[in-house]
file entry.txt (compact mmCIF, C-alpha atoms)
# COMPACT_ATOMS: atom_id res chain seq x y z
CA MET A 195 101.37 106.44 170.52
CA GLN A 196 102.88 103.05 169.96
CA SER A 197 102.32 100.14 172.30
CA LYS A 198 105.05 99.19 174.77
CA LEU A 199 104.19 95.53 174.40
CA SER A 200 106.84 93.25 172.94
CA ASP A 201 106.64 92.04 169.36
CA ILE A 202 105.69 88.57 170.59
CA ASP A 203 102.82 89.98 172.69
CA LEU A 204 101.53 91.91 169.71
CA ILE A 205 101.85 88.84 167.49
CA ASN A 206 99.88 86.75 170.01
CA GLN A 207 97.17 89.40 170.18
CA THR A 208 97.03 89.56 166.39
CA LEU A 209 96.68 85.78 166.17
CA ASP A 210 93.82 86.05 168.67
CA GLY A 211 92.05 88.33 166.20
CA ASN A 212 93.07 91.78 167.42
CA GLN A 213 93.87 93.69 164.24
CA SER A 214 94.88 96.89 166.04
CA ALA A 215 97.77 94.92 167.58
CA TYR A 216 99.01 94.24 164.08
CA ALA A 217 98.67 97.95 163.25
CA ASP A 218 101.00 98.62 166.20
CA LEU A 219 103.47 96.06 164.85
CA VAL A 220 103.36 97.73 161.45
CA LYS A 221 103.96 101.17 162.98
CA ARG A 222 106.91 99.78 164.92
CA HIS A 223 108.66 98.23 161.93
CA GLN A 224 107.42 100.29 158.98
CA ARG A 225 110.45 102.61 158.74
CA PHE A 226 112.89 99.71 158.75
CA ILE A 227 110.93 97.69 156.20
CA PHE A 228 110.27 100.72 154.01
CA THR A 229 113.99 101.58 154.04
CA LEU A 230 114.92 98.01 153.10
CA ALA A 231 112.36 98.08 150.29
CA LEU A 232 113.87 101.35 149.12
CA ARG A 233 117.35 99.83 149.17
CA PHE A 234 116.11 97.11 146.81
CA SER A 235 113.92 99.19 144.53
CA LYS A 236 115.72 102.60 144.58
CA ASN A 237 112.32 104.18 144.04
CA ARG A 238 109.83 105.44 146.64
CA GLU A 239 106.67 104.34 144.82
CA ASP A 240 107.95 100.81 144.33
CA ALA A 241 109.29 100.75 147.88
CA GLU A 242 105.86 101.69 149.23
CA GLU A 243 104.21 98.96 147.21
CA ILE A 244 106.80 96.35 148.25
CA ALA A 245 106.65 97.32 151.94
CA GLN A 246 102.83 97.26 152.01
CA ASP A 247 102.75 93.93 150.23
CA CYS A 248 105.32 92.60 152.69
CA PHE A 249 103.21 93.51 155.73
CA VAL A 250 100.05 92.02 154.19
CA LYS A 251 101.89 88.77 153.39
CA ALA A 252 103.43 88.74 156.87
CA TYR A 253 99.95 89.09 158.39
CA ARG A 254 98.67 86.10 156.42
CA ALA A 255 101.69 84.01 157.38
CA LEU A 256 102.01 85.21 160.97
CA ASN A 257 101.15 81.78 162.36
CA THR A 258 104.22 80.34 160.61
CA PHE A 259 106.58 82.67 162.53
CA GLN A 260 108.59 80.27 164.71
CA ARG A 261 109.68 82.88 167.32
CA GLN A 262 113.24 81.57 167.23
CA SER A 263 114.48 84.82 165.75
CA LYS A 264 113.57 88.50 165.97
CA PHE A 265 110.34 89.45 164.22
CA SER A 266 112.33 91.99 162.18
CA THR A 267 114.65 89.21 160.94
CA TRP A 268 111.64 87.21 159.81
CA LEU A 269 110.14 90.32 158.20
CA TYR A 270 113.38 90.81 156.31
CA ARG A 271 112.88 87.43 154.64
CA VAL A 272 109.39 88.44 153.60
CA VAL A 273 110.48 91.84 152.27
CA TYR A 274 113.36 90.23 150.36
CA THR A 275 111.06 87.74 148.61
CA THR A 276 108.45 90.41 147.95
CA ALA A 277 111.03 92.80 146.52
CA MET A 278 112.54 90.15 144.27
CA THR A 279 109.11 89.17 142.93
CA HIS A 280 108.23 92.82 142.40
CA LEU A 281 111.50 93.62 140.64
CA ARG A 282 111.27 90.52 138.49
CA LYS A 283 107.84 91.64 137.42
CA LYS A 284 109.21 95.05 136.55
CA ARG A 285 112.10 93.41 134.70
CA LEU A 286 114.66 95.25 136.72
CA VAL A 287 117.95 93.43 136.98
CA THR A 288 119.46 93.50 140.43
CA ASP A 289 122.74 91.73 140.15
CA SER A 290 124.70 90.30 143.01
CA ILE A 291 127.42 91.94 145.07
CA ASP A 292 130.28 90.81 142.82
CA ASP A 293 128.72 91.90 139.58
CA GLY A 294 128.69 95.64 140.04
CA ASP A 295 129.50 96.48 136.42
CA ASN A 296 126.19 95.19 135.18
CA TYR A 297 124.14 97.00 137.75
CA ILE A 298 121.56 99.33 136.28
CA ARG A 299 121.68 102.37 138.48
CA ILE A 300 118.33 104.03 138.72
CA ALA A 301 117.97 107.65 139.72
CA ASP A 302 117.14 107.37 143.38
CA GLN A 303 115.14 109.54 145.70
CA TYR A 304 118.15 111.58 146.71
CA GLY A 305 119.22 112.22 143.13
CA THR A 306 115.89 113.79 142.33
CA MET A 307 116.13 116.02 145.37
CA ASP A 308 119.44 117.60 144.38
CA ASP A 309 117.96 120.75 142.92
CA ASN A 310 116.01 121.51 146.05
CA ILE A 311 118.78 121.03 148.55
CA ALA A 312 120.49 124.04 150.02
CA GLU A 313 124.12 124.57 149.05
CA THR A 314 125.50 123.53 152.37
CA LYS A 315 124.74 119.89 152.82
CA SER A 316 125.57 117.92 155.89
CA ARG A 317 127.87 114.91 155.89
CA SER A 318 124.98 112.74 157.03
CA TYR A 319 123.04 113.82 153.93
CA TYR A 320 125.92 112.59 151.79
CA LEU A 321 126.13 109.39 153.77
CA ASN A 322 122.46 108.63 153.13
CA LEU A 323 122.97 109.57 149.50
CA ALA A 324 125.97 107.23 149.27
CA VAL A 325 123.99 104.33 150.74
CA GLY A 326 121.23 105.00 148.23
CA GLN A 327 123.76 104.70 145.41
CA LEU A 328 125.23 101.39 146.55
CA LEU A 329 124.30 98.06 145.01
CA PRO A 330 121.16 96.66 146.68
CA ASP A 331 123.12 93.85 148.35
CA ASP A 332 125.60 96.30 149.88
CA ALA A 333 122.92 98.79 150.90
CA VAL A 334 120.80 96.06 152.48
CA ILE A 335 123.61 94.58 154.56
CA ILE A 336 124.59 98.06 155.78
CA THR A 337 120.94 98.81 156.67
CA LEU A 338 120.48 95.48 158.46
CA PHE A 339 123.63 95.97 160.51
CA TYR A 340 123.38 99.66 161.38
CA ASN A 341 119.64 100.39 161.23
CA GLY A 342 118.16 97.00 161.94
CA GLU A 343 120.40 96.43 164.93
CA GLN A 344 120.99 92.91 163.74
CA SER A 345 124.07 91.02 164.81
CA ILE A 346 126.29 89.28 162.27
CA GLU A 347 124.74 85.96 163.36
CA GLU A 348 121.19 87.27 162.89
CA ILE A 349 122.04 88.67 159.47
CA ALA A 350 123.58 85.33 158.54
CA ALA A 351 120.38 83.56 159.61
CA ALA A 352 118.22 86.03 157.68
CA LEU A 353 120.32 85.78 154.52
CA GLY A 354 120.87 82.03 154.86
CA MET A 355 124.66 82.43 154.85
CA GLU A 356 127.63 81.53 157.01
CA THR A 357 128.72 84.20 159.50
CA GLY A 358 132.14 84.35 157.82
CA THR A 359 130.51 85.17 154.48
CA VAL A 360 128.42 87.90 156.10
CA LYS A 361 131.54 89.39 157.69
CA VAL A 362 133.26 89.55 154.31
CA LYS A 363 130.17 91.02 152.63
CA LEU A 364 129.80 93.62 155.37
CA PHE A 365 133.47 94.53 155.09
CA ARG A 366 133.19 94.99 151.31
CA ALA A 367 129.96 96.96 151.66
CA ARG A 368 131.62 99.31 154.15
CA GLN A 369 134.58 99.78 151.82
CA ARG A 370 132.29 100.62 148.91
CA LEU A 371 130.26 102.97 151.08
CA LYS A 372 133.42 104.72 152.21
CA GLU A 373 134.61 105.09 148.60
CA GLN A 374 131.20 106.33 147.48
CA LEU A 375 131.08 108.85 150.32
CA GLU A 376 134.58 110.11 149.51
CA ARG A 377 133.65 110.45 145.83
CA LEU A 378 130.52 112.45 146.66
CA LEU A 379 132.33 114.71 149.11
CA LYS A 380 135.17 115.29 146.64
CA HIS A 381 132.63 116.22 143.98
CA GLU A 382 130.93 118.61 146.38
CA VAL A 383 134.23 120.30 147.27
CA LYS A 384 134.98 120.76 143.56
CA GLU A 385 131.55 122.34 143.06
CA LEU A 386 132.15 124.79 145.89
CA ILE A 387 135.55 125.81 144.48
CA MET B 84 141.72 87.79 157.87
CA ASN B 85 143.66 89.65 155.27
CA SER B 86 144.11 93.39 155.54
CA ILE B 87 144.73 95.64 158.49
CA GLU B 88 141.37 97.29 157.79
CA GLU B 89 139.55 93.97 157.92
CA LYS B 90 141.22 93.13 161.21
CA LEU B 91 140.27 96.51 162.65
CA TRP B 92 136.64 96.22 161.56
CA SER B 93 136.48 92.83 163.19
CA TYR B 94 137.96 94.42 166.34
CA ILE B 95 135.41 97.26 166.26
CA ASP B 96 132.50 94.85 165.71
CA GLY B 97 133.74 92.61 168.50
CA THR B 98 133.71 89.54 166.28
CA CYS B 99 137.36 88.57 166.69
CA SER B 100 138.65 86.07 169.22
CA ALA B 101 140.04 87.13 172.63
CA GLU B 102 143.54 86.34 171.45
CA GLU B 103 143.17 88.43 168.28
CA ARG B 104 141.61 91.22 170.30
CA GLU B 105 144.57 91.36 172.63
CA GLN B 106 146.98 91.36 169.70
CA ILE B 107 145.13 94.19 167.88
CA THR B 108 144.91 96.27 171.08
CA ARG B 109 148.69 96.03 171.40
CA LEU B 110 149.17 97.01 167.75
CA ILE B 111 146.89 100.05 168.11
CA ASP B 112 148.87 101.18 171.16
CA ARG B 113 152.28 100.73 169.58
CA ASP B 114 151.88 101.11 165.81
CA ALA B 115 151.07 104.63 164.52
CA LYS B 116 149.61 103.24 161.27
CA TYR B 117 147.19 101.02 163.17
CA LYS B 118 146.36 103.85 165.54
CA SER B 119 145.44 106.36 162.84
CA MET B 120 143.52 103.80 160.81
CA TYR B 121 141.63 102.70 163.90
CA ALA B 122 140.67 106.31 164.70
CA GLY B 123 139.44 106.82 161.12
CA LEU B 124 137.36 103.65 161.14
CA MET B 125 135.87 104.49 164.54
CA GLN B 126 134.77 107.85 163.16
CA LEU B 127 133.32 106.18 160.09
CA ASN B 128 131.53 103.60 162.26
CA ALA B 129 129.97 106.39 164.33
CA GLU B 130 128.75 108.02 161.12
CA PHE B 131 127.32 104.74 159.82
CA ASN B 132 125.51 104.34 163.13
CA SER B 133 123.84 107.70 162.54
CA LEU B 134 122.34 106.52 159.23
CA GLU B 135 118.69 107.48 159.11
CA LEU B 136 115.74 105.30 158.22
CA ASP B 137 113.40 106.56 155.55
CA GLU B 138 109.89 107.60 156.47
CA PRO B 139 107.01 105.93 154.60
CA PRO B 140 103.99 108.00 153.50
CA MET B 141 101.43 109.13 156.10
CA ALA B 142 98.72 106.66 155.11
CA PHE B 143 101.09 103.69 155.06
CA THR B 144 99.69 101.79 158.07
CA TYR B 145 96.10 102.68 157.17
CA ASN B 146 96.54 101.32 153.63
CA ILE B 147 97.96 98.03 154.95
CA MET B 148 95.15 97.57 157.46
CA GLU B 149 92.59 98.37 154.75
CA GLN B 150 94.06 95.70 152.48
CA ILE B 151 93.97 93.20 155.34
CA ARG B 152 90.38 94.10 156.22
CA LYS B 153 89.29 93.62 152.61
CA GLN B 154 90.96 90.22 152.47
CA GLU B 155 89.57 89.21 155.85
CA ALA B 156 86.05 90.14 154.74
CA SER B 157 86.21 87.59 151.94
CA THR B 158 87.64 84.71 153.97
CA PRO B 159 85.03 83.79 156.66
CA LEU B 160 82.78 81.95 154.18
CA LYS B 161 85.71 79.87 153.00
CA ALA B 162 86.61 79.12 156.60
CA GLU B 163 83.06 77.95 157.33
CA ILE B 164 83.04 75.68 154.31
CA ASN B 165 86.40 74.20 155.20
CA LYS B 166 85.53 73.60 158.79
CA TYR B 167 82.03 72.20 158.78
CA ILE B 168 80.84 71.25 155.33
CA ILE B 169 83.89 69.24 154.41
CA ARG B 170 83.65 67.32 157.69
CA ALA B 171 79.92 66.70 157.17
CA ILE B 172 80.47 65.46 153.62
CA SER B 173 83.30 63.21 154.79
CA ILE B 174 81.11 61.74 157.55
CA PHE B 175 78.27 61.22 155.07
CA PHE B 176 80.51 59.39 152.60
CA ILE B 177 82.15 57.23 155.22
CA GLY B 178 78.76 56.46 156.79
CA SER B 179 77.23 55.52 153.42
CA ILE B 180 80.12 53.25 152.53
CA LEU B 181 79.99 51.50 155.92
CA LEU B 182 76.21 51.10 155.69
CA LEU B 183 76.30 49.61 152.20
CA LEU B 184 79.17 47.36 153.18
CA GLY B 185 77.17 46.22 156.22
CA PHE B 186 74.13 45.35 154.07
CA ALA B 187 76.26 43.54 151.52
CA LEU B 188 78.13 41.49 154.12
CA GLY B 189 74.84 40.72 155.85
CA ASP B 190 73.60 38.94 152.71
CA VAL B 191 76.66 36.72 152.44
CA ASN B 192 76.10 33.12 153.53
CA TRP B 193 79.14 32.38 155.67
CA ASN B 194 78.21 28.70 156.51
CA THR B 195 77.88 26.77 153.25
CA GLY B 196 79.14 23.42 154.56
CA HIS B 197 81.51 23.07 151.56
CA GLY B 198 84.41 24.75 153.28
CA GLY B 199 83.84 28.13 151.59
CA ILE B 200 81.52 31.08 151.63
CA HIS B 201 78.54 31.56 149.35
CA LEU B 202 78.16 34.96 147.74
CA PRO B 203 74.60 35.81 146.58
CA GLN B 204 74.21 36.34 142.81
CA LEU B 205 71.90 39.28 143.46
CA LEU B 206 72.17 41.45 146.50
CA LYS B 207 68.91 41.28 148.47
CA LEU B 208 68.42 44.56 150.20
CA SER B 209 66.14 45.05 153.17
CA GLY B 210 63.37 47.71 153.09
CA SER B 211 65.39 50.60 154.47
CA ALA B 212 68.32 49.83 152.17
CA LYS B 213 66.08 50.31 149.11
CA LEU B 214 66.18 54.00 149.89
CA PHE B 215 69.71 54.05 148.51
CA ILE B 216 68.76 52.96 144.99
CA GLY B 217 66.14 55.64 144.20
CA PHE B 218 66.70 58.12 141.37
CA TRP B 219 66.85 61.19 143.64
CA ILE B 220 69.26 59.52 146.00
CA LYS B 221 71.55 58.63 143.14
CA GLY B 222 71.36 62.21 141.86
CA SER B 223 72.03 63.58 145.31
CA LEU B 224 75.02 61.29 145.76
CA LEU B 225 76.42 62.35 142.38
CA PHE B 226 76.00 66.01 143.34
CA ASP B 227 77.73 65.38 146.66
CA ILE B 228 80.61 63.65 144.94
CA ILE B 229 81.10 66.55 142.55
CA LEU B 230 80.86 69.07 145.41
CA GLY B 231 83.33 67.02 147.44
CA LEU B 232 85.80 66.95 144.56
CA PHE B 233 85.55 70.74 144.16
CA LEU B 234 86.24 71.27 147.86
CA LEU B 235 89.12 68.82 147.81
CA ASP B 236 90.59 70.71 144.84
CA ALA B 237 90.22 74.03 146.71
CA GLN B 238 91.93 72.57 149.78
CA LEU B 239 94.83 71.20 147.77
CA ARG B 240 95.30 74.52 145.94
CA LYS B 241 95.33 76.36 149.27
CA ARG B 242 97.94 73.98 150.65
CA THR B 243 100.09 74.40 147.52
CA ASP B 244 99.95 78.21 147.87
CA THR B 245 101.02 78.01 151.51
CA ASN B 246 103.90 75.69 150.69
CA ASN B 247 105.19 77.89 147.92
CA GLY B 248 108.38 78.41 149.76
CA MET B 249 108.42 82.12 150.57
CA PHE B 250 107.99 81.92 154.31
CA LYS B 251 110.87 79.74 155.30
CA LYS B 252 110.93 78.83 158.93
CA ILE B 253 113.63 80.84 160.61
call {"tool": "encode", "arguments": {"input": "entry.txt", "output": "structure tokens"}}
result
Amino acid sequence: MQSKLSDIDLINQTLDGNQSAYADLVKRHQRFIFTLALRFSKNREDAEEIAQDCFVKAYRALNTFQRQSKFSTWLYRVVYTTAMTHLRKKRLVTDSIDDGDNYIRIADQYGTMDDNIAETKSRSYYLNLAVGQLLPDDAVIITLFYNGEQSIEEIAAALGMETGTVKVKLFRARQRLKEQLERLLKHEVKELI
Amino acid sequence: MNSIEEKLWSYIDGTCSAEEREQITRLIDRDAKYKSMYAGLMQLNAEFNSLELDEPPMAFTYNIMEQIRKQEASTPLKAEINKYIIRAISIFFIGSILLLLGFALGDVNWNTGHGGIHLPQLLKLSGSAKLFIGFWIKGSLLFDIILGLFLLDAQLRKRTDTNNGMFKKI
């Protein structure tokens, strides 16, 4: 059972030497961080490695957390840096939002599951599949906004951008997600016919 | 803002101004195109809100805590060295320099009567000061200097690692 203490309380306890408090923090944020890592890497094994590395680095740098933002926002910065380092090492090119043509799409977790999925698939399944097939930048901004419960301002702070830029990026990401979802659903309808 | 869709997303997110909000509300009420597009985007927004987070493997937390424990186990010695030994060496060096300086200045004749000071050609050390010119003392000092330089190097490397830019202050 996870602690009901706030993130700041758990951070203070961790800094006082209580490692189990940090374990509680990890449990609280692991799904969010793992999902973000997956959005960057498109591969569960790499995502696990990136997310673990992120939490270890965050532990070592916990005393540098300024407490002016949410802990999850700060963690996002760590996971972003860790993922970029990891992907650079693996020589995977993750191009920016406006360079979609050069993006190397890697078979993601959902793609490999296709054979095992029952014929009738829910719309939410396709939605998750569509997010998994987006460019990392798009998938990350969607995850931060909808799963990370981050406001536009918080996302802007985490990404080091202006709020206006984040709004535009979020708008484009939603459009691409909508198109991707429509494409997948259309394909599914064709298969059923 | 450019398109109707962009305006409506801004309206749904609550990021538009009060004036824009009022204007868009009116358009949704009166314009069928706005109304249907708004309904579609609201449905899509509800679906996006239901996006699920992925579940990491079972041993995820355990693996992280194990990595941390392993790293922690190797750090206490470093911490001890940083905290106490470096301070002790610093105090020793500073003390030695001050002591030698004191002996040297003590041998200077400040009242020569010619309007200047008279520096001795050879430094005459008192009995206790002779301790500092023995072979073993010289060797020990050399060893301390080398050790001090190693520790200084380790400290500077550690500081460089910490400053390597990945944990920007948010």
call {"tool": "atom_distance", "arguments": {"input": "entry.txt", "atom1": "CA of Asn212 in chain A", "atom2": "CA of Leu256 in chain A"}}
result
12.8 Å
call {"tool": "atom_distance", "arguments": {"input": "entry.txt", "atom1": "CA of Ile168 in chain B", "atom2": "CA of Thr243 in chain B"}}
result
21.0 Å
call {"tool": "axis_aligned_box", "arguments": {"input": "entry.txt", "around": "range 175-188 of chain B", "padding_each_side": "5 Å", "output": "AutoDock Vina command-line options"}}
result
--center_x 78.1 --center_y 51.4 --center_z 154.2 --size_x 18.0 --size_y 29.7 --size_z 15.3
call {"tool": "interface_residues", "arguments": {"input": "entry.txt", "of": "chain A", "to": "chain B", "cutoff": "6 Å", "atoms": "only C-alpha atoms", "output": "CSV table (one decimal) with C-alpha atoms, keeping the file's coordinate frame"}}
result
chain,number,residue,atom,x,y,z
A,225,ARG,CA,110.4,102.6,158.7
A,229,THR,CA,114.0,101.6,154.0
A,246,GLN,CA,102.8,97.3,152.0
A,340,TYR,CA,123.4,99.7,161.4
call {"tool": "atom_distance", "arguments": {"input": "entry.txt", "atom1": "CA of Tyr320 in chain A", "atom2": "CA of Leu375 in chain A"}}
result
6.5 Å
call {"tool": "residues_around", "arguments": {"input": "entry.txt", "residues": "range 201-203 of chain A", "least_positions_apart": "5", "cutoff": "9 Å", "atoms": "only C-alpha atoms", "output": "list in words"}}
result
Thr208, Ala215, Leu219, Arg222, Arg261, Lys264 and Phe265 of chain A
call {"tool": "residues_around", "arguments": {"input": "entry.txt", "residues": "range 266-268 of chain A", "least_positions_apart": "4", "cutoff": "12 Å", "atoms": "only C-alpha atoms", "output": "PyMOL selection string"}}
result
(chain A and resi 201-202+219-220+222-227+230+248-249+251-253+255-256+258-262+272-275+338-339+341-354) or (chain B and resi 249-253)
call {"tool": "residues_around", "arguments": {"input": "entry.txt", "residues": "Leu321 in chain A", "least_positions_apart": "2", "cutoff": "10 Å", "atoms": "all atoms listed in the file", "output": "ChimeraX atom specification"}}
result
/A:316-319,323-327,371-372,374-376,378-379 /B:130-131,133-135
call {"tool": "closest_residue", "arguments": {"input": "entry.txt", "among": "A:Val362, A:Ala231, A:Ala241, A:Asp210", "to": "Ala333 in chain A", "atoms": "only C-alpha atoms"}}
result
A:Ala231
